[in-house]
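I have placed the structure first, in the form of structure tokens, so that the comments after it can refer back to it.
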Amino acid sequence: MDICILGLKGGIGKTTTAIHLAAYMQQFGDTLLIDADKNASALRWADRGNLPFKVCNVEGSVKHIRKAKHIVADTKARPEREDIKAVAKEYDLLIMPSPPRVLDLDALLKTRDILVEYGTNYKALLTITPPPRKRPGGSEKIPSSKEQEARELLEAEEIPVFVSTIYQYTAIEKSPLAGVTVDQYEDSYSTVAWECYQNLGREIYVQ
Ligand SMILES: Nc1ncnc2c1ncn2[C@@H]1O[C@H](COP(=O)(O)OP(=O)(O)OP(=O)(O)O)[C@@H](O)[C@H]1O
Ligand SMILES: [Mg+2]
């Protein structure tokens with residue numbers, strides 16, 4: 001399966017999502033992460049440690065593409081319309097990450113407006129979102145108001161959105177420094193953080 005992560009804004013969780021989704025897909029076959037961002041954040045993440053899948057830039061991807069069963073592409077912030085057009089039809093799924101902030105969601109709406117022109121399969125993903133809280137006296141978890149409001153906005157705009165949310169955890173933020181995915185990062189929240197990506201992965205691909 002070929003998946004592309006894209007968005008008009010910077011700092012919305014594209015690279016972090018791409019890395020963890022590639023780790024999920026690797027469980028089902030050789031996965032290649034193509035780092036199509038000149039900032040090379042994914043390549044640097046890989047260089048710092050030991051990721052369970054191959055990461056390369058566009059120029060170095062030819063041979064690896066032939067071998068890969070799954071491809072996950074990470075893209076740059078502020079792509080031109082031509083960049084979006086180029087990837088729109090090449091992938092099975094385009095994921096548009098966004099934190100639940102008004103300006104980020106507004107940029108997501110713009111991305112969607114471009115993608116609909118090309119008839120692609122796209123879906124929004126809430127990232128860097130405050131984790132749900134336990135209801136006082138109970139074990140049931142309630143989503144933050146930010147998450148609820150973002151979901152309402154996406155629904156009103158008729159944008160398909162993943163049920164899974166990628167919550168904000170320091171362990172996720174720190175894992176690139178160790179060059180690992182969050183499940184390999186030593187932290188008491190690493191398991192619960194990795195579950196976010198596993199849930200997302202299961203929505204996308206089950207062997
Ligand atoms: N779920 C999360 N929890 C906590 N921090 C996160 C999470 N996802 C991403 N971050 C942090 O948010 C920042 C932006 O994330 P990331 O680099 O993945 O975004 P990006 O969209 O690829 O940015 P750019 O456009 O600059 O390439 C980083 O510092 C990253 O560690
Ligand atoms: Mg990035």
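To be explicit about the labels: the chains of the structure tokens are called A, B, and onward in the order shown, and within each one the residues are counted from 1, while ligands get numbers from 1 in the order they are shown.
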Practice problem: Output the neighbourhood of ligand 1 as a PyMOL selection string, that is, all protein and nucleic acid residues with some atom at most 8 Å from the ligand, counting only C-alpha atoms and all ligand atoms. | Solution: chain A and resi 7+9-18+37+39+41+74-78+97+127-129+166-176+193
Self-check item: In region 77-144 of chain A, DSSP strand (DSSP E) residues written as a PyMOL selection string
Solution: chain A and resi 93-98+122-126+133-134+141-142
Next, write the just-selected residues to a file, as a tab-separated table (two decimals), in the first residue's frame, keeping C-alpha atoms as the atom set.
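New file result.tsv:
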chain	number	residue	atom	x	y	z
A	93	LEU	CA	-4.24	7.14	0.43
A	94	LEU	CA	-3.37	10.74	1.28
A	95	ILE	CA	-3.33	11.56	4.98
A	96	MET	CA	-3.77	15.17	6.06
A	97	PRO	CA	-2.60	15.54	9.67
A	98	SER	CA	-3.68	18.49	11.78
A	122	TYR	CA	-7.87	11.45	1.35
A	123	LYS	CA	-8.52	11.42	5.08
A	124	ALA	CA	-7.80	13.82	7.94
A	125	LEU	CA	-5.90	12.79	11.07
A	126	LEU	CA	-5.96	14.68	14.34
A	133	ARG	CA	-9.27	12.72	30.59
A	134	LYS	CA	-10.79	10.14	32.88
A	141	LYS	CA	-12.30	8.58	29.12
A	142	ILE	CA	-13.69	11.76	27.65
Exercise. Fewer than 5 positions away in the same chain doesn't count, so skip those; otherwise give me all residues within 9 Å of Ala150 (chain A), counting only C-alpha atoms, as a list in words.
Key: Pro99, Pro100, Arg101, Val102, Leu105, Leu126, Ser145 and Glu155 of chain A
Quiz prompt | Proximity to Glu203 (chain A) - best of A:Leu21, A:Leu8, A:Ala46, A:Val87, only C-alpha atoms | solution = A:Leu21
Practice problem: Extract, using only C-alpha atoms, all DNA, RNA and protein residues at most 10 Å from Leu109 (chain A), discarding same-chain residues fewer than 2 positions from it, and format them as JSON, numbers by chain. | Solution: {"A": [7, 8, 96, 103, 104, 105, 106, 107, 111, 112, 113, 114, 115, 124, 154, 157, 159]}
Practice problem: Give the alpha helix (DSSP H) residues of region 52-164 of chain A, as DSSP finds them on the backbone, and put them as a PyMOL selection string. | Solution: chain A and resi 62-67+81-88+102-116+145-156
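Nearest to Val116 (chain A) of all the residues A:Glu80, A:Asp47, A:Glu186, A:Glu158 is A:Glu158, counting only C-alpha atoms.
Taking only C-alpha atoms into account, Glu147 (chain A) lies nearest to A:Pro131 out of the set A:Pro160, A:Pro131, A:Gly179, A:Gly60.
Compared by their closest atoms to ligand 2, and using only C-alpha atoms and all ligand atoms, the residues A:Ile65, A:Ile34, A:Ala40, A:Ile3 rank with A:Ala40 nearest.
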